[in-house]
file start35.cif (mmCIF, C-alpha atoms, pLDDT in the B column; chains and numbers go by the auth columns)
data_input
#
loop_
_atom_site.group_PDB
_atom_site.id
_atom_site.type_symbol
_atom_site.label_atom_id
_atom_site.label_comp_id
_atom_site.label_asym_id
_atom_site.label_seq_id
_atom_site.Cartn_x
_atom_site.Cartn_y
_atom_site.Cartn_z
_atom_site.B_iso_or_equiv
_atom_site.auth_seq_id
_atom_site.auth_asym_id
ATOM 1 C CA ASP A 1 -27.905 -0.868 -67.133 87.00 1 A
ATOM 2 C CA VAL A 2 -26.145 -1.375 -63.791 87.00 2 A
ATOM 3 C CA LEU A 3 -25.098 2.275 -64.122 91.00 3 A
ATOM 4 C CA ILE A 4 -28.722 3.449 -64.018 93.00 4 A
ATOM 5 C CA ARG A 5 -29.217 4.216 -60.341 93.00 5 A
ATOM 6 C CA SER A 6 -30.030 7.053 -57.982 93.00 6 A
ATOM 7 C CA SER A 7 -28.691 7.955 -54.543 92.00 7 A
ATOM 8 C CA VAL A 8 -32.139 9.234 -53.502 92.00 8 A
ATOM 9 C CA ASP A 9 -34.243 6.490 -55.148 94.00 9 A
ATOM 10 C CA PRO A 10 -32.872 2.968 -54.535 89.00 10 A
ATOM 11 C CA LEU A 11 -35.803 1.398 -56.413 93.00 11 A
ATOM 12 C CA LEU A 12 -34.712 3.025 -59.670 94.00 12 A
ATOM 13 C CA PHE A 13 -32.026 0.377 -60.100 93.00 13 A
ATOM 14 C CA LEU A 14 -34.551 -2.432 -59.600 91.00 14 A
ATOM 15 C CA GLU A 15 -36.827 -0.911 -62.233 92.00 15 A
ATOM 16 C CA PHE A 16 -34.179 -0.553 -64.938 93.00 16 A
ATOM 17 C CA HIS A 17 -31.973 -3.580 -64.307 93.00 17 A
ATOM 18 C CA ARG A 18 -32.842 -6.197 -66.950 94.00 18 A
ATOM 19 C CA GLN A 19 -35.355 -3.835 -68.488 94.00 19 A
ATOM 20 C CA PHE A 20 -34.959 -2.231 -71.958 95.00 20 A
ATOM 21 C CA THR A 21 -31.375 -3.467 -72.349 94.00 21 A
ATOM 22 C CA HIS A 22 -32.624 -7.060 -72.050 95.00 22 A
ATOM 23 C CA SER A 23 -35.761 -6.808 -74.172 96.00 23 A
ATOM 24 C CA LEU A 24 -36.105 -8.727 -77.422 96.00 24 A
ATOM 25 C CA VAL A 25 -36.679 -5.565 -79.476 96.00 25 A
ATOM 26 C CA PHE A 26 -33.425 -4.043 -78.191 96.00 26 A
ATOM 27 C CA ILE A 27 -31.261 -6.912 -79.497 96.00 27 A
ATOM 28 C CA PRO A 28 -30.261 -5.322 -82.866 96.00 28 A
ATOM 29 C CA ILE A 29 -29.667 -1.950 -81.183 96.00 29 A
ATOM 30 C CA GLY A 30 -27.542 -3.430 -78.423 95.00 30 A
ATOM 31 C CA ALA A 31 -25.575 -5.457 -80.967 96.00 31 A
ATOM 32 C CA ALA A 32 -24.889 -2.279 -82.959 96.00 32 A
ATOM 33 C CA LEU A 33 -23.619 -0.480 -79.852 95.00 33 A
ATOM 34 C CA CYS A 34 -21.320 -3.386 -79.003 95.00 34 A
ATOM 35 C CA THR A 35 -20.080 -3.502 -82.595 96.00 35 A
ATOM 36 C CA ALA A 36 -19.210 0.192 -82.502 96.00 36 A
ATOM 37 C CA VAL A 37 -17.097 -0.387 -79.392 95.00 37 A
ATOM 38 C CA LEU A 38 -15.401 -3.622 -80.482 95.00 38 A
ATOM 39 C CA PHE A 39 -14.808 -3.106 -84.189 95.00 39 A
ATOM 40 C CA PRO A 40 -11.804 -0.740 -83.846 94.00 40 A
ATOM 41 C CA PHE A 41 -9.970 -3.462 -81.879 94.00 41 A
ATOM 42 C CA VAL A 42 -10.638 -6.309 -84.344 92.00 42 A
ATOM 43 C CA ARG A 43 -10.915 -4.514 -87.688 91.00 43 A
ATOM 44 C CA ARG A 44 -7.773 -6.259 -88.994 90.00 44 A
ATOM 45 C CA ARG A 45 -9.238 -9.693 -88.327 89.00 45 A
ATOM 46 C CA CYS A 46 -12.974 -9.294 -88.981 90.00 46 A
ATOM 47 C CA ARG A 47 -15.236 -7.310 -91.212 93.00 47 A
ATOM 48 C CA ALA A 48 -17.850 -5.075 -89.631 93.00 48 A
ATOM 49 C CA ARG A 49 -20.743 -7.326 -90.575 94.00 49 A
ATOM 50 C CA GLU A 50 -18.983 -10.318 -89.005 95.00 50 A
ATOM 51 C CA VAL A 51 -18.464 -8.404 -85.760 95.00 51 A
ATOM 52 C CA TYR A 52 -22.117 -7.365 -85.817 97.00 52 A
ATOM 53 C CA LEU A 53 -23.199 -10.982 -86.314 96.00 53 A
ATOM 54 C CA TYR A 54 -21.187 -12.136 -83.305 93.00 54 A
ATOM 55 C CA CYS A 55 -22.496 -9.264 -81.176 96.00 55 A
ATOM 56 C CA LEU A 56 -26.035 -10.038 -82.342 96.00 56 A
ATOM 57 C CA LEU A 57 -25.681 -13.659 -81.239 94.00 57 A
ATOM 58 C CA GLY A 58 -24.340 -12.585 -77.867 92.00 58 A
ATOM 59 C CA PHE A 59 -27.053 -9.994 -77.297 92.00 59 A
ATOM 60 C CA ALA A 60 -29.793 -12.338 -78.513 93.00 60 A
ATOM 61 C CA THR A 61 -28.885 -15.001 -75.965 93.00 61 A
ATOM 62 C CA HIS A 62 -28.087 -12.750 -73.000 92.00 62 A
ATOM 63 C CA GLY A 63 -31.657 -11.822 -72.090 93.00 63 A
ATOM 64 C CA LEU A 64 -32.794 -15.416 -72.511 94.00 64 A
ATOM 65 C CA LEU A 65 -30.006 -16.608 -70.207 93.00 65 A
ATOM 66 C CA ASP A 66 -31.049 -14.089 -67.569 94.00 66 A
ATOM 67 C CA ALA A 67 -34.671 -15.178 -67.882 95.00 67 A
ATOM 68 C CA CYS A 68 -33.608 -18.620 -66.646 94.00 68 A
ATOM 69 C CA THR A 69 -32.997 -17.118 -63.193 92.00 69 A
ATOM 70 C CA SER A 70 -35.498 -15.977 -60.573 88.00 70 A
ATOM 71 C CA TYR A 71 -34.694 -12.266 -60.790 89.00 71 A
ATOM 72 C CA GLY A 72 -37.073 -11.394 -63.613 90.00 72 A
ATOM 73 C CA THR A 73 -36.216 -10.108 -67.089 95.00 73 A
ATOM 74 C CA GLN A 74 -38.452 -7.804 -69.132 96.00 74 A
ATOM 75 C CA LEU A 75 -38.122 -9.606 -72.456 96.00 75 A
ATOM 76 C CA TYR A 76 -41.312 -8.035 -73.847 97.00 76 A
ATOM 77 C CA TRP A 77 -40.573 -4.377 -73.037 95.00 77 A
ATOM 78 C CA PRO A 78 -41.982 -1.877 -74.169 95.00 78 A
ATOM 79 C CA PHE A 79 -45.130 -3.855 -74.940 96.00 79 A
ATOM 80 C CA SER A 80 -45.291 -5.376 -71.466 95.00 80 A
ATOM 81 C CA ASN A 81 -43.557 -4.851 -68.122 93.00 81 A
ATOM 82 C CA TYR A 82 -43.994 -8.522 -67.235 94.00 82 A
ATOM 83 C CA ARG A 83 -40.878 -9.956 -65.590 93.00 83 A
ATOM 84 C CA VAL A 84 -40.016 -13.335 -67.127 95.00 84 A
ATOM 85 C CA ALA A 85 -38.416 -15.689 -64.587 94.00 85 A
ATOM 86 C CA TRP A 86 -38.160 -19.377 -65.465 95.00 86 A
ATOM 87 C CA ASN A 87 -36.454 -20.210 -62.130 94.00 87 A
ATOM 88 C CA SER A 88 -34.287 -22.964 -63.606 94.00 88 A
ATOM 89 C CA MET A 89 -30.984 -21.740 -62.132 93.00 89 A
ATOM 90 C CA SER A 90 -29.778 -19.363 -59.431 91.00 90 A
ATOM 91 C CA ILE A 91 -29.013 -15.754 -60.327 89.00 91 A
ATOM 92 C CA VAL A 92 -25.283 -16.433 -59.900 88.00 92 A
ATOM 93 C CA ASP A 93 -24.290 -20.055 -60.432 91.00 93 A
ATOM 94 C CA PRO A 94 -20.582 -20.968 -60.615 93.00 94 A
ATOM 95 C CA LEU A 95 -21.528 -24.573 -61.396 93.00 95 A
ATOM 96 C CA PHE A 96 -22.802 -23.261 -64.721 94.00 96 A
ATOM 97 C CA THR A 97 -20.361 -20.411 -65.335 94.00 97 A
ATOM 98 C CA LEU A 98 -16.974 -21.902 -64.413 96.00 98 A
ATOM 99 C CA PRO A 99 -17.092 -24.999 -66.705 96.00 99 A
ATOM 100 C CA LEU A 100 -18.409 -22.772 -69.489 95.00 100 A
ATOM 101 C CA LEU A 101 -15.591 -20.278 -68.937 96.00 101 A
ATOM 102 C CA VAL A 102 -12.913 -23.004 -68.914 97.00 102 A
ATOM 103 C CA LEU A 103 -14.199 -24.513 -72.157 97.00 103 A
ATOM 104 C CA VAL A 104 -14.368 -21.118 -73.875 94.00 104 A
ATOM 105 C CA ILE A 105 -10.801 -20.290 -72.803 96.00 105 A
ATOM 106 C CA LEU A 106 -9.577 -23.675 -74.055 96.00 106 A
ATOM 107 C CA ALA A 107 -11.336 -23.133 -77.371 95.00 107 A
ATOM 108 C CA ALA A 108 -9.702 -19.711 -77.753 92.00 108 A
ATOM 109 C CA ARG A 109 -6.189 -20.698 -76.684 93.00 109 A
ATOM 110 C CA ARG A 110 -5.974 -24.021 -78.519 92.00 110 A
ATOM 111 C CA GLY A 111 -8.067 -23.059 -81.517 89.00 111 A
ATOM 112 C CA ARG A 112 -10.162 -26.224 -81.256 92.00 112 A
ATOM 113 C CA VAL A 113 -13.843 -25.939 -82.064 94.00 113 A
ATOM 114 C CA ARG A 114 -14.674 -29.071 -80.080 95.00 114 A
ATOM 115 C CA PHE A 115 -14.233 -27.132 -76.838 97.00 115 A
ATOM 116 C CA ALA A 116 -16.751 -24.542 -78.003 94.00 116 A
ATOM 117 C CA ARG A 117 -19.162 -27.288 -78.942 96.00 117 A
ATOM 118 C CA ALA A 118 -18.673 -28.905 -75.551 97.00 118 A
ATOM 119 C CA ALA A 119 -19.514 -25.544 -73.946 96.00 119 A
ATOM 120 C CA CYS A 120 -22.784 -25.391 -75.895 94.00 120 A
ATOM 121 C CA VAL A 121 -23.636 -28.962 -74.889 96.00 121 A
ATOM 122 C CA TRP A 122 -22.876 -28.178 -71.238 96.00 122 A
ATOM 123 C CA ALA A 123 -25.142 -25.107 -71.314 94.00 123 A
ATOM 124 C CA ALA A 124 -27.999 -27.017 -72.965 94.00 124 A
ATOM 125 C CA LEU A 125 -27.740 -29.919 -70.503 96.00 125 A
ATOM 126 C CA PHE A 126 -27.620 -27.564 -67.529 96.00 126 A
ATOM 127 C CA PHE A 127 -30.736 -25.702 -68.683 94.00 127 A
ATOM 128 C CA ALA A 128 -32.607 -28.935 -69.352 96.00 128 A
ATOM 129 C CA LEU A 129 -31.676 -30.378 -65.956 96.00 129 A
ATOM 130 C CA GLY A 130 -32.691 -27.126 -64.260 96.00 130 A
ATOM 131 C CA LEU A 131 -36.151 -27.217 -65.845 96.00 131 A
ATOM 132 C CA VAL A 132 -36.652 -30.864 -64.846 97.00 132 A
ATOM 133 C CA GLN A 133 -35.543 -30.161 -61.283 97.00 133 A
ATOM 134 C CA ARG A 134 -37.762 -27.091 -61.059 97.00 134 A
ATOM 135 C CA GLU A 135 -40.807 -29.144 -62.064 97.00 135 A
ATOM 136 C CA ARG A 136 -39.917 -31.772 -59.455 97.00 136 A
ATOM 137 C CA ALA A 137 -39.442 -29.111 -56.786 97.00 137 A
ATOM 138 C CA GLU A 138 -42.800 -27.494 -57.587 97.00 138 A
ATOM 139 C CA ALA A 139 -44.488 -30.895 -57.403 96.00 139 A
ATOM 140 C CA ALA A 140 -42.875 -31.392 -53.984 96.00 140 A
ATOM 141 C CA GLY A 141 -44.150 -27.958 -52.954 96.00 141 A
ATOM 142 C CA TYR A 142 -47.698 -28.961 -53.865 96.00 142 A
ATOM 143 C CA ALA A 143 -47.228 -32.161 -51.846 96.00 143 A
ATOM 144 C CA ILE A 144 -46.196 -30.109 -48.794 96.00 144 A
ATOM 145 C CA ALA A 145 -49.268 -27.904 -49.236 96.00 145 A
ATOM 146 C CA ARG A 146 -51.585 -30.919 -49.502 96.00 146 A
ATOM 147 C CA ALA A 147 -50.100 -32.355 -46.311 95.00 147 A
ATOM 148 C CA ARG A 148 -51.241 -29.156 -44.573 95.00 148 A
ATOM 149 C CA ASP A 149 -54.698 -29.366 -46.219 96.00 149 A
ATOM 150 C CA HIS A 150 -53.869 -26.268 -48.250 96.00 150 A
ATOM 151 C CA ALA A 151 -54.877 -25.712 -51.869 92.00 151 A
ATOM 152 C CA PRO A 152 -52.617 -22.940 -53.218 93.00 152 A
ATOM 153 C CA ALA A 153 -53.301 -21.346 -56.575 88.00 153 A
ATOM 154 C CA ARG A 154 -49.578 -21.376 -57.380 89.00 154 A
ATOM 155 C CA VAL A 155 -46.355 -22.820 -56.012 94.00 155 A
ATOM 156 C CA GLU A 156 -43.009 -21.403 -57.044 94.00 156 A
ATOM 157 C CA ALA A 157 -39.692 -23.167 -56.621 96.00 157 A
ATOM 158 C CA LYS A 158 -36.355 -21.372 -56.733 94.00 158 A
ATOM 159 C CA PRO A 159 -32.934 -23.046 -56.639 94.00 159 A
ATOM 160 C CA ALA A 160 -30.428 -22.413 -53.876 92.00 160 A
ATOM 161 C CA PHE A 161 -27.093 -20.799 -54.703 90.00 161 A
ATOM 162 C CA ALA A 162 -24.967 -23.043 -56.929 89.00 162 A
ATOM 163 C CA SER A 163 -27.333 -25.982 -56.597 91.00 163 A
ATOM 164 C CA LEU A 164 -29.911 -27.813 -58.651 94.00 164 A
ATOM 165 C CA LEU A 165 -30.604 -30.204 -55.765 95.00 165 A
ATOM 166 C CA LEU A 166 -31.806 -27.847 -53.017 96.00 166 A
ATOM 167 C CA TRP A 167 -34.827 -25.658 -53.797 96.00 167 A
ATOM 168 C CA LYS A 168 -37.014 -23.230 -51.891 96.00 168 A
ATOM 169 C CA THR A 169 -40.764 -23.488 -52.418 96.00 169 A
ATOM 170 C CA ILE A 170 -43.226 -20.655 -51.819 96.00 170 A
ATOM 171 C CA TYR A 171 -47.002 -20.637 -51.887 96.00 171 A
ATOM 172 C CA GLU A 172 -49.838 -18.537 -50.512 95.00 172 A
ATOM 173 C CA HIS A 173 -52.815 -19.826 -48.532 95.00 173 A
ATOM 174 C CA ARG A 174 -55.468 -17.654 -46.855 94.00 174 A
ATOM 175 C CA GLY A 175 -53.322 -14.573 -46.745 93.00 175 A
ATOM 176 C CA ARG A 176 -50.083 -16.209 -45.561 95.00 176 A
ATOM 177 C CA TYR A 177 -46.931 -17.140 -47.439 96.00 177 A
ATOM 178 C CA TYR A 178 -45.459 -20.555 -46.640 96.00 178 A
ATOM 179 C CA VAL A 179 -41.763 -20.987 -47.332 95.00 179 A
ATOM 180 C CA ASP A 180 -40.256 -24.478 -47.276 96.00 180 A
ATOM 181 C CA ALA A 181 -37.309 -26.295 -48.824 96.00 181 A
ATOM 182 C CA VAL A 182 -36.947 -29.540 -50.717 96.00 182 A
ATOM 183 C CA ARG A 183 -33.977 -31.575 -51.864 97.00 183 A
ATOM 184 C CA VAL A 184 -34.859 -33.191 -55.169 96.00 184 A
ATOM 185 C CA GLY A 185 -32.427 -36.063 -55.495 91.00 185 A
ATOM 186 C CA GLY A 186 -33.596 -39.593 -56.149 88.00 186 A
ATOM 187 C CA THR A 187 -36.437 -39.189 -53.657 91.00 187 A
ATOM 188 C CA PRO A 188 -37.532 -35.664 -52.670 92.00 188 A
ATOM 189 C CA VAL A 189 -36.797 -34.736 -49.056 95.00 189 A
ATOM 190 C CA HIS A 190 -38.903 -31.991 -47.471 95.00 190 A
ATOM 191 C CA PHE A 191 -37.660 -29.392 -44.981 94.00 191 A
ATOM 192 C CA LEU A 192 -40.614 -27.594 -43.422 92.00 192 A
ATOM 193 C CA GLY A 193 -40.075 -23.891 -42.962 93.00 193 A
ATOM 194 C CA GLN A 194 -42.041 -20.920 -41.701 92.00 194 A
ATOM 195 C CA SER A 195 -44.968 -18.759 -42.737 94.00 195 A
ATOM 196 C CA VAL A 196 -45.616 -15.036 -42.653 94.00 196 A
ATOM 197 C CA PRO A 197 -48.708 -12.918 -43.384 95.00 197 A
ATOM 198 C CA ARG A 198 -48.970 -11.350 -46.793 95.00 198 A
ATOM 199 C CA LEU A 199 -48.507 -7.575 -46.706 95.00 199 A
ATOM 200 C CA VAL A 200 -51.799 -5.667 -46.475 94.00 200 A
ATOM 201 C CA LEU A 201 -51.119 -1.961 -46.220 92.00 201 A
ATOM 202 C CA ALA A 202 -54.383 -1.008 -44.514 91.00 202 A
ATOM 203 C CA ARG A 203 -53.777 -3.598 -41.803 93.00 203 A
ATOM 204 C CA ASP A 204 -49.994 -3.687 -41.442 93.00 204 A
ATOM 205 C CA LEU A 205 -49.125 -0.038 -42.103 93.00 205 A
ATOM 206 C CA PRO A 206 -52.336 1.867 -41.366 93.00 206 A
ATOM 207 C CA TRP A 207 -50.453 5.147 -40.942 93.00 207 A
ATOM 208 C CA LEU A 208 -49.196 4.998 -44.537 92.00 208 A
ATOM 209 C CA GLU A 209 -51.386 7.381 -46.496 93.00 209 A
ATOM 210 C CA PRO A 210 -52.244 6.525 -50.127 90.00 210 A
ATOM 211 C CA GLY A 211 -50.521 8.685 -52.694 91.00 211 A
ATOM 212 C CA THR A 212 -47.456 9.403 -50.571 94.00 212 A
ATOM 213 C CA GLN A 213 -43.988 8.596 -51.865 93.00 213 A
ATOM 214 C CA GLN A 214 -43.637 5.664 -49.473 93.00 214 A
ATOM 215 C CA ALA A 215 -46.983 4.207 -50.567 94.00 215 A
ATOM 216 C CA ARG A 216 -45.979 4.527 -54.221 94.00 216 A
ATOM 217 C CA ASP A 217 -42.623 2.926 -53.460 95.00 217 A
ATOM 218 C CA VAL A 218 -44.317 -0.055 -51.833 95.00 218 A
ATOM 219 C CA GLU A 219 -46.318 -0.577 -55.033 94.00 219 A
ATOM 220 C CA ARG A 220 -43.165 -0.275 -57.120 95.00 220 A
ATOM 221 C CA PHE A 221 -41.529 -2.908 -54.919 95.00 221 A
ATOM 222 C CA ARG A 222 -44.665 -5.063 -55.182 94.00 222 A
ATOM 223 C CA TRP A 223 -44.303 -5.044 -58.970 93.00 223 A
ATOM 224 C CA PHE A 224 -40.633 -6.005 -58.719 92.00 224 A
ATOM 225 C CA SER A 225 -41.318 -8.863 -56.293 91.00 225 A
ATOM 226 C CA GLN A 226 -44.316 -10.145 -58.264 89.00 226 A
ATOM 227 C CA ASP A 227 -46.466 -9.407 -55.193 90.00 227 A
ATOM 228 C CA TYR A 228 -44.449 -11.593 -52.793 93.00 228 A
ATOM 229 C CA LEU A 229 -44.346 -8.925 -50.073 95.00 229 A
ATOM 230 C CA ALA A 230 -44.457 -9.211 -46.295 95.00 230 A
ATOM 231 C CA LEU A 231 -43.234 -7.348 -43.251 94.00 231 A
ATOM 232 C CA ASP A 232 -39.944 -8.521 -41.817 91.00 232 A
ATOM 233 C CA PRO A 233 -40.896 -10.371 -38.592 86.00 233 A
ATOM 234 C CA ARG A 234 -37.802 -8.881 -36.927 88.00 234 A
ATOM 235 C CA SER A 235 -38.498 -5.316 -38.067 87.00 235 A
ATOM 236 C CA PRO A 236 -42.125 -4.156 -38.401 84.00 236 A
ATOM 237 C CA PHE A 237 -41.149 -1.196 -40.595 86.00 237 A
ATOM 238 C CA GLU A 238 -39.249 -3.150 -43.270 92.00 238 A
ATOM 239 C CA VAL A 239 -40.983 -4.617 -46.305 94.00 239 A
ATOM 240 C CA ILE A 240 -39.269 -7.745 -47.642 94.00 240 A
ATOM 241 C CA ASP A 241 -39.383 -9.804 -50.815 93.00 241 A
ATOM 242 C CA ILE A 242 -40.353 -13.323 -49.743 92.00 242 A
ATOM 243 C CA ARG A 243 -38.682 -14.839 -52.808 88.00 243 A
ATOM 244 C CA TYR A 244 -35.274 -14.041 -51.336 85.00 244 A
ATOM 245 C CA SER A 245 -36.038 -14.758 -47.685 78.00 245 A
ATOM 246 C CA MET A 246 -33.568 -17.009 -45.921 69.00 246 A
ATOM 247 C CA LEU A 247 -36.049 -18.823 -43.621 61.00 247 A
#
call {"tool": "encode", "arguments": {"input": "start35.cif", "output": "structure tokens"}}
result
Amino acid sequence: DVLIRSSVDPLLFLEFHRQFTHSLVFIPIGAALCTAVLFPFVRRRCRAREVYLYCLLGFATHGLLDACTSYGTQLYWPFSNYRVAWNSMSIVDPLFTLPLLVLVILAARRGRVRFARAACVWAALFFALGLVQRERAEAAGYAIARARDHAPARVEAKPAFASLLLWKTIYEHRGRYYVDAVRVGGTPVHFLGQSVPRLVLARDLPWLEPGTQQARDVERFRWFSQDYLALDPRSPFEVIDIRYSML
């Protein structure tokens, strides 16, 4: 789906990436497409149904793996456009991928199943640790909010790149987003950040007329960002996704 994009509509890529290709109902179809491509190369070693089984396993786990990140994966398409994001690992995490890759290569080159099993154990442990750390980071985010006498309806925590120790927390209070950081080691350490007003079109962009292409695009971007929108403090005409803000 990375090929689905438009030079005149940059949001098209955001709408289709991790959409129908990552949905649960597409798994058997995607596995069939992969089988059609791979089978001619392995027909002397595997029967078609074996290739399909392996492709099915790969396709069945791919969307679930992506849902562990903060990007958002439409597992329930076409029944729902809800973007599933469990926030247990960063979108690209070499700490997860590189050990997994090494173990898979060792299993293939040496023909030893124990390396493949070790890869599965590593993946399971990494996911479990990510979920535990996410819960700890969210609890720390609520503690930061309480220290400010805030009572947010939700706090989200997202891991930093290649780290399950450093997390960014985000919550909304009285129309402002508060972005902080926390290191969840033995004892959580808080790093207080900044806040920014939540985007309100009538107030922040009063010249933007409803029904125009720009107004529709803002709503499309709002859906993608799960409503974490604000104006860039450095550029009053740029709408940003607070989930990926750096400060």
call {"tool": "resolve_selection", "arguments": {"input": "start35.cif", "expression": "the PyMOL selection byres ((chain A and resi 213-226) around 10)", "output": "list in words"}}
result
Asp9, Pro10, Leu11, Leu12, Leu14, Glu15, Tyr71, Gly72, Asn81, Tyr82, Arg83, Leu199, Leu201, Leu205, Leu208, Glu209, Pro210, Gly211, Thr212, Asp227, Tyr228, Leu229, Ala230, Val239, Ile240, Asp241, Ile242, Arg243 and Tyr244 of chain A
call {"tool": "resolve_selection", "arguments": {"input": "start35.cif", "expression": "the PyMOL selection byres ((chain A and resi 162) around 12)", "output": "PyMOL selection string"}}
result
chain A and resi 69+88-98+126+130+158-161+163-167
call {"tool": "closest_residue", "arguments": {"input": "start35.cif", "among": "A:Arg203, A:Arg117, A:His190, A:Arg49", "to": "Ala147 of chain A", "atoms": "only C-alpha atoms"}}
result
A:His190
call {"tool": "atom_distance", "arguments": {"input": "start35.cif", "atom1": "atom CA of Ser195 of chain A", "atom2": "atom CA of Glu135 of chain A"}}
result
22.3 Å
call {"tool": "resolve_selection", "arguments": {"input": "start35.cif", "expression": "the PyMOL selection byres ((chain A and resi 103) around 8)", "output": "NGL selection string"}}
result
:A and (99-102 or 104-107 or 115-116 or 118-119)
call {"tool": "write_last_selection", "arguments": {"input": "start35.cif", "atoms": "C-alpha atoms", "output": "mmCIF file, keeping the file's coordinate frame"}}
result
data_model
loop_
_atom_site.group_PDB
_atom_site.id
_atom_site.type_symbol
_atom_site.label_atom_id
_atom_site.label_comp_id
_atom_site.auth_asym_id
_atom_site.auth_seq_id
_atom_site.Cartn_x
_atom_site.Cartn_y
_atom_site.Cartn_z
ATOM 1 C CA PRO A 99 -17.092 -24.999 -66.705
ATOM 2 C CA LEU A 100 -18.409 -22.772 -69.489
ATOM 3 C CA LEU A 101 -15.591 -20.278 -68.937
ATOM 4 C CA VAL A 102 -12.913 -23.004 -68.914
ATOM 5 C CA VAL A 104 -14.368 -21.118 -73.875
ATOM 6 C CA ILE A 105 -10.801 -20.290 -72.803
ATOM 7 C CA LEU A 106 -9.577 -23.675 -74.055
ATOM 8 C CA ALA A 107 -11.336 -23.133 -77.371
ATOM 9 C CA PHE A 115 -14.233 -27.132 -76.838
ATOM 10 C CA ALA A 116 -16.751 -24.542 -78.003
ATOM 11 C CA ALA A 118 -18.673 -28.905 -75.551
ATOM 12 C CA ALA A 119 -19.514 -25.544 -73.946
#
call {"tool": "residues_around", "arguments": {"input": "start35.cif", "residues": "segment 173-184 of chain A", "least_positions_apart": "6", "cutoff": "8 Å", "atoms": "all atoms listed in the file", "output": "list of chain:residue names"}}
result
A:Gln133, A:Arg136, A:Ala137, A:Ala140, A:Gly141, A:His150, A:Ala151, A:Pro152, A:Leu165, A:Leu166, A:Trp167, A:His190, A:Phe191, A:Leu192, A:Gly193, A:Gln194, A:Ser195, A:Val196, A:Pro197, A:Arg198, A:Ile242, A:Leu247
call {"tool": "closest_residue", "arguments": {"input": "start35.cif", "among": "A:Trp122, A:Phe79, A:Tyr171, A:Phe41", "to": "Glu138 of chain A", "atoms": "only C-alpha atoms"}}
result
A:Tyr171
call {"tool": "atom_distance", "arguments": {"input": "start35.cif", "atom1": "atom CA of Trp77 of chain A", "atom2": "atom CA of Val2 of chain A"}}
result
17.4 Å
call {"tool": "atom_distance", "arguments": {"input": "start35.cif", "atom1": "atom CA of Ala123 of chain A", "atom2": "atom CA of Leu65 of chain A"}}
result
9.9 Å
call {"tool": "axis_aligned_box", "arguments": {"input": "start35.cif", "around": "segment 155-167 of chain A", "padding_each_side": "3 Å", "output": "lines of an AutoDock Vina configuration file"}}
result
center_x = -35.7
center_y = -25.5
center_z = -55.8
size_x = 27.4
size_y = 15.4
size_z = 11.6
call {"tool": "closest_residue", "arguments": {"input": "start35.cif", "among": "A:Phe16, A:Phe59, A:Phe127, A:Phe237", "to": "Asp204 of chain A", "atoms": "all atoms listed in the file"}}
result
A:Phe237
call {"tool": "residues_around", "arguments": {"input": "start35.cif", "residues": "Leu24 of chain A", "least_positions_apart": "2", "cutoff": "7 Å", "atoms": "all atoms listed in the file", "output": "PyMOL selection string"}}
result
chain A and resi 22+26-27+75-76
call {"tool": "build_atoms", "arguments": {"input": "start35.cif", "residues": "segment 107-118 of chain A", "atoms": "N, CA and C atoms", "output": "PDB file, keeping the file's coordinate frame"}}
result
ATOM      1  N   ALA A 107     -11.041 -23.278 -75.943  1.00 95.00           N
ATOM      2  CA  ALA A 107     -11.336 -23.133 -77.371  1.00 95.00           C
ATOM      3  C   ALA A 107     -10.541 -21.988 -77.976  1.00 95.00           C
ATOM      4  N   ALA A 108     -10.420 -20.883 -77.232  1.00 92.00           N
ATOM      5  CA  ALA A 108      -9.702 -19.711 -77.753  1.00 92.00           C
ATOM      6  C   ALA A 108      -8.203 -19.940 -77.799  1.00 92.00           C
ATOM      7  N   ARG A 109      -7.642 -20.548 -76.762  1.00 93.00           N
ATOM      8  CA  ARG A 109      -6.189 -20.698 -76.684  1.00 93.00           C
ATOM      9  C   ARG A 109      -5.671 -21.811 -77.589  1.00 93.00           C
ATOM     10  N   ARG A 110      -6.423 -22.885 -77.710  1.00 92.00           N
ATOM     11  CA  ARG A 110      -5.974 -24.021 -78.519  1.00 92.00           C
ATOM     12  C   ARG A 110      -6.547 -24.013 -79.926  1.00 92.00           C
ATOM     13  N   GLY A 111      -7.498 -23.135 -80.177  1.00 89.00           N
ATOM     14  CA  GLY A 111      -8.067 -23.059 -81.517  1.00 89.00           C
ATOM     15  C   GLY A 111      -8.818 -24.301 -81.924  1.00 89.00           C
ATOM     16  N   ARG A 112      -9.429 -24.983 -80.980  1.00 92.00           N
ATOM     17  CA  ARG A 112     -10.162 -26.224 -81.256  1.00 92.00           C
ATOM     18  C   ARG A 112     -11.658 -25.990 -81.059  1.00 92.00           C
ATOM     19  N   VAL A 113     -12.414 -26.222 -82.111  1.00 94.00           N
ATOM     20  CA  VAL A 113     -13.843 -25.939 -82.064  1.00 94.00           C
ATOM     21  C   VAL A 113     -14.583 -26.915 -81.152  1.00 94.00           C
ATOM     22  N   ARG A 114     -13.968 -28.087 -80.904  1.00 95.00           N
ATOM     23  CA  ARG A 114     -14.674 -29.071 -80.080  1.00 95.00           C
ATOM     24  C   ARG A 114     -14.900 -28.568 -78.654  1.00 95.00           C
ATOM     25  N   PHE A 115     -14.021 -27.694 -78.171  1.00 97.00           N
ATOM     26  CA  PHE A 115     -14.233 -27.132 -76.838  1.00 97.00           C
ATOM     27  C   PHE A 115     -15.436 -26.190 -76.833  1.00 97.00           C
ATOM     28  N   ALA A 116     -15.589 -25.431 -77.907  1.00 94.00           N
ATOM     29  CA  ALA A 116     -16.751 -24.542 -78.003  1.00 94.00           C
ATOM     30  C   ALA A 116     -18.041 -25.356 -78.102  1.00 94.00           C
ATOM     31  N   ARG A 117     -17.980 -26.435 -78.848  1.00 96.00           N
ATOM     32  CA  ARG A 117     -19.162 -27.288 -78.942  1.00 96.00           C
ATOM     33  C   ARG A 117     -19.489 -27.922 -77.600  1.00 96.00           C
ATOM     34  N   ALA A 118     -18.451 -28.330 -76.879  1.00 97.00           N
ATOM     35  CA  ALA A 118     -18.673 -28.905 -75.551  1.00 97.00           C
ATOM     36  C   ALA A 118     -19.307 -27.872 -74.616  1.00 97.00           C
TER      37      ALA A 118
END
